[in-house]
$ cat entry-v1.cif   # mmCIF, C-alpha atoms
data_protein
loop_
_atom_site.label_atom_id
_atom_site.label_comp_id
_atom_site.auth_asym_id
_atom_site.auth_seq_id
_atom_site.Cartn_x
_atom_site.Cartn_y
_atom_site.Cartn_z
CA MET R 1 -26.42 -13.51 -4.60
CA THR R 2 -29.47 -12.88 -6.66
CA SER R 3 -32.95 -12.28 -5.41
CA THR R 4 -36.10 -13.74 -6.91
CA THR R 5 -36.43 -10.74 -9.23
CA GLY R 6 -33.02 -11.44 -10.76
CA ARG R 7 -31.31 -8.28 -9.46
CA LEU R 8 -27.97 -8.47 -7.69
CA ARG R 9 -28.18 -7.96 -3.92
CA LEU R 10 -25.12 -6.70 -2.12
CA PRO R 11 -24.62 -7.62 1.53
CA LEU R 12 -25.02 -4.76 3.98
CA ALA R 13 -21.28 -4.64 4.71
CA TYR R 14 -20.47 -3.82 1.08
CA ILE R 15 -23.16 -1.14 0.89
CA VAL R 16 -21.79 0.54 4.02
CA LEU R 17 -18.25 0.23 2.62
CA ILE R 18 -19.22 1.94 -0.66
CA ILE R 19 -21.10 4.73 1.14
CA LEU R 20 -18.23 5.43 3.54
CA LEU R 21 -15.55 5.35 0.84
CA ALA R 22 -17.58 7.83 -1.21
CA ALA R 23 -18.04 9.99 1.90
CA ALA R 24 -14.30 9.89 2.70
CA ILE R 25 -13.46 11.05 -0.82
CA LEU R 26 -16.24 13.60 -1.36
CA LEU R 27 -16.81 15.10 2.10
CA PRO R 28 -14.29 17.53 3.63
CA PHE R 29 -11.64 16.24 6.01
CA GLY R 30 -10.28 19.54 7.26
CA TYR R 31 -10.32 23.31 7.32
CA ALA R 32 -6.92 24.51 6.12
CA LEU R 33 -6.04 27.52 8.25
CA ASP R 34 -3.07 29.07 6.46
CA ILE R 35 -0.17 30.41 8.53
CA GLY R 36 1.53 31.97 5.49
CA PRO R 37 0.12 34.56 3.12
CA GLY R 38 -2.03 31.98 1.31
CA PRO R 39 -5.81 31.58 1.53
CA ASN R 40 -7.80 29.52 4.00
CA SER R 41 -9.81 26.68 2.51
CA VAL R 42 -12.02 23.70 3.22
CA ARG R 43 -10.33 20.54 1.87
CA ALA R 44 -11.68 17.25 0.62
CA VAL R 45 -9.70 14.65 -1.28
CA VAL R 46 -10.79 15.79 -4.76
CA TRP R 47 -11.97 19.38 -4.20
CA GLU R 48 -11.44 22.43 -2.06
CA TYR R 49 -13.32 25.61 -1.31
CA ILE R 50 -10.95 28.58 -1.24
CA ASP R 51 -11.82 31.75 0.63
CA ALA R 52 -9.48 34.48 -0.63
CA THR R 53 -9.75 38.06 -1.81
CA TRP R 54 -8.63 37.16 -5.35
CA PHE R 55 -10.69 33.95 -5.69
CA SER R 56 -13.50 32.42 -3.68
CA GLY R 57 -15.19 29.23 -4.70
CA PHE R 58 -14.90 25.53 -5.37
CA ARG R 59 -12.23 23.96 -7.50
CA PHE R 60 -11.03 20.46 -8.23
CA VAL R 61 -7.50 19.88 -6.98
CA ARG R 62 -4.52 18.70 -9.00
CA PHE R 63 -3.21 15.13 -8.90
CA GLY R 64 -0.39 15.95 -6.44
CA GLN R 65 -2.86 17.50 -4.02
CA VAL R 66 -5.07 14.41 -4.30
CA LEU R 67 -2.09 12.26 -3.30
CA ASP R 68 -1.34 14.62 -0.41
CA ALA R 69 -4.94 14.41 0.75
CA LEU R 70 -4.93 10.60 0.45
CA LEU R 71 -1.91 10.45 2.75
CA LEU R 72 -3.62 12.75 5.26
CA THR R 73 -6.78 10.63 5.20
CA LEU R 74 -5.07 7.21 5.23
CA PRO R 75 -6.14 6.40 8.83
CA THR R 76 -9.72 7.20 7.82
CA TYR R 77 -9.59 4.43 5.22
CA PHE R 78 -8.18 2.09 7.88
CA PHE R 79 -11.21 3.01 10.05
CA ILE R 80 -13.59 2.31 7.16
CA PHE R 81 -11.95 -1.10 6.70
CA GLN R 82 -12.33 -1.75 10.45
CA LEU R 83 -16.03 -0.90 10.19
CA PHE R 84 -16.34 -3.26 7.21
CA ILE R 85 -14.76 -6.02 9.32
CA LEU R 86 -17.20 -5.21 12.14
CA TYR R 87 -20.11 -5.86 9.78
CA ARG R 88 -18.53 -9.05 8.39
CA THR R 89 -16.90 -10.69 11.42
CA SER R 90 -16.39 -10.29 15.14
CA LEU R 91 -14.22 -7.22 15.55
CA ARG R 92 -14.51 -5.50 18.88
CA PRO R 93 -16.03 -1.99 18.47
CA LYS R 94 -13.55 -0.40 20.91
CA ARG R 95 -10.66 -0.92 18.50
CA MET R 96 -12.74 0.38 15.61
CA TRP R 97 -13.65 3.63 17.43
CA LEU R 98 -10.00 4.27 18.31
CA ALA R 99 -9.15 3.97 14.61
CA GLY R 100 -12.03 6.34 13.77
CA ILE R 101 -10.91 9.01 16.23
CA LEU R 102 -7.31 8.73 15.01
CA GLY R 103 -8.53 8.98 11.41
CA ALA R 104 -10.52 12.10 12.18
CA LEU R 105 -7.68 13.81 14.06
CA PHE R 106 -4.80 12.70 11.81
CA PRO R 107 -4.72 15.69 9.38
CA GLY R 108 -4.59 18.11 12.31
CA LEU R 109 -1.92 16.11 14.14
CA VAL R 110 0.31 15.88 11.05
CA SER R 111 0.06 19.58 10.25
CA LEU R 112 0.62 20.50 13.91
CA PHE R 113 3.71 18.29 14.01
CA LEU R 114 5.04 19.95 10.84
CA VAL R 115 4.48 23.45 12.24
CA ILE R 116 6.17 22.56 15.54
CA GLY R 117 9.04 20.95 13.62
CA TRP R 118 9.38 24.04 11.45
CA LEU R 119 9.40 26.36 14.48
CA GLN R 120 11.94 24.17 16.32
CA GLY R 121 14.17 23.86 13.27
CA TRP R 122 13.59 20.11 12.75
CA THR R 123 12.14 20.58 9.28
CA GLN R 124 12.77 23.09 6.54
CA PRO R 125 10.36 26.01 6.24
CA PRO R 126 8.21 26.16 3.13
CA PRO R 127 9.94 27.76 0.15
CA PRO R 128 9.22 31.46 -0.47
CA SER R 129 7.40 30.58 -3.69
CA ASP R 130 4.91 28.42 -1.74
CA LEU R 131 2.11 30.69 -0.60
CA ARG R 132 0.37 28.03 1.46
CA PHE R 133 1.40 26.60 4.80
CA PRO R 134 -1.85 25.21 6.22
CA VAL R 135 -2.68 23.88 9.64
CA TYR R 136 -5.63 21.53 9.28
CA ILE R 137 -8.50 21.78 11.71
CA PRO R 138 -10.11 18.32 11.41
CA ILE R 139 -13.66 17.90 10.14
CA PRO R 140 -14.75 14.37 11.18
CA ALA R 141 -17.26 13.88 8.34
CA ALA R 142 -16.48 10.18 7.74
CA LEU R 143 -16.67 9.44 11.47
CA VAL R 144 -20.05 11.16 11.78
CA MET R 145 -21.28 9.31 8.69
CA ALA R 146 -20.15 6.00 10.21
CA ILE R 147 -22.01 6.75 13.45
CA ILE R 148 -25.17 7.52 11.48
CA LEU R 149 -24.83 4.35 9.40
CA LEU R 150 -24.30 2.23 12.52
CA LYS R 151 -27.48 3.67 14.01
CA VAL R 152 -29.49 3.11 10.82
CA PHE R 153 -27.96 -0.29 9.94
CA PRO R 154 -26.70 -1.84 13.20
CA ALA R 155 -24.06 -4.56 12.97
CA LYS R 156 -25.07 -7.98 14.19
CA LYS R 157 -24.10 -8.83 17.75
CA ILE R 158 -21.60 -11.61 18.28
CA ASP R 159 -22.26 -14.16 21.01
CA GLU R 160 -19.09 -14.05 23.16
CA ALA R 161 -19.49 -17.63 24.42
CA LYS R 162 -19.89 -18.94 20.88
CA LEU R 163 -16.87 -16.92 19.78
CA ALA R 164 -14.73 -18.27 22.64
CA LYS R 165 -15.78 -21.84 21.82
CA HIS R 166 -14.91 -21.29 18.16
CA ARG R 167 -11.44 -19.96 19.06
CA LEU R 168 -10.73 -23.05 21.20
CA GLU R 169 -11.43 -25.40 18.30
#
$ encode --input "entry-v1.cif" --output "structure tokens"
Amino acid sequence: MTSTTGRLRLPLAYIVLIILLAAAILLPFGYALDIGPGPNSVRAVVWEYIDATWFSGFRFVRFGQVLDALLLTLPTYFFIFQLFILYRTSLRPKRMWLAGILGALFPGLVSLFLVIGWLQGWTQPPPPSDLRFPVYIPIPAALVMAIILLKVFPAKKIDEAKLAKHRLE
């Protein structure tokens, strides 16, 4: 779509999608509370802030850590896709909010499951050379950003009677 000035106009759903994907990648998803001798840190997909006696500050993470973070934030991307569908079609918001809460809590649930499994003997403990064994305390940055965007740019309401009639056809 082009406007009268010739510039490309993106629909609102795509703008919200781009903003939330950038937020999910750049904003932190968890505080890594280390059980082992390693440092505590604040983690995002592409960076982390380490708080240790030998080094404190921001650093970009390596490719393997990016993949690890993408797996921990996978439900967040599912939530962002659900929000995109809400703006484009007639998704019920209840399902979307459940995906958002699961996406926010997922890093903490996975790390808690790994710690319980390690303590119960279900999984192997980290190797002695690995100084980090974090338990993630979730930071719901993408969920908060989605709530703000829904308040600023509300999704259009779907007429339930019209939707039911359309489903019968």
$ residues_around --input "entry-v1.cif" --residues "Met96 in chain R" --least-positions-apart "4" --cutoff "10 Å" --atoms "all atoms listed in the file" --output "list in words"
Phe78, Phe79, Ile80, Phe81, Gln82, Leu83, Phe84, Ile85, Leu86, Leu91, Arg92, Gly100, Ile101 and Leu102 of chain R
$ atom_distance --input "entry-v1.cif" --atom1 "CA of Ile18 in chain R" --atom2 "CA of Gly108 in chain R"
25.4 Å
$ axis_aligned_box --input "entry-v1.cif" --around "range 50-63 of chain R" --padding-each-side "6 Å" --output "JSON"
{"center_x": -9.2, "center_y": 26.6, "center_z": -4.2, "size_x": 24.0, "size_y": 34.9, "size_z": 21.6}
$ residues_around --input "entry-v1.cif" --residues "range 21-38 of chain R" --least-positions-apart "2" --cutoff "7 Å" --atoms "all atoms listed in the file" --output "list in words"
Leu17, Ile18, Ile19, Asn40, Ser41, Val42, Arg43, Ala44, Val45, Val46, Leu131, Arg132, Phe133, Pro134, Val135, Tyr136, Ile137, Pro138, Ile139, Pro140, Ala141 and Ala142 of chain R
$ closest_residue --input "entry-v1.cif" --among "R:Gly117, R:Trp54, R:Thr76, R:Leu12" --to "Met145 in chain R" --atoms "only C-alpha atoms"
R:Thr76
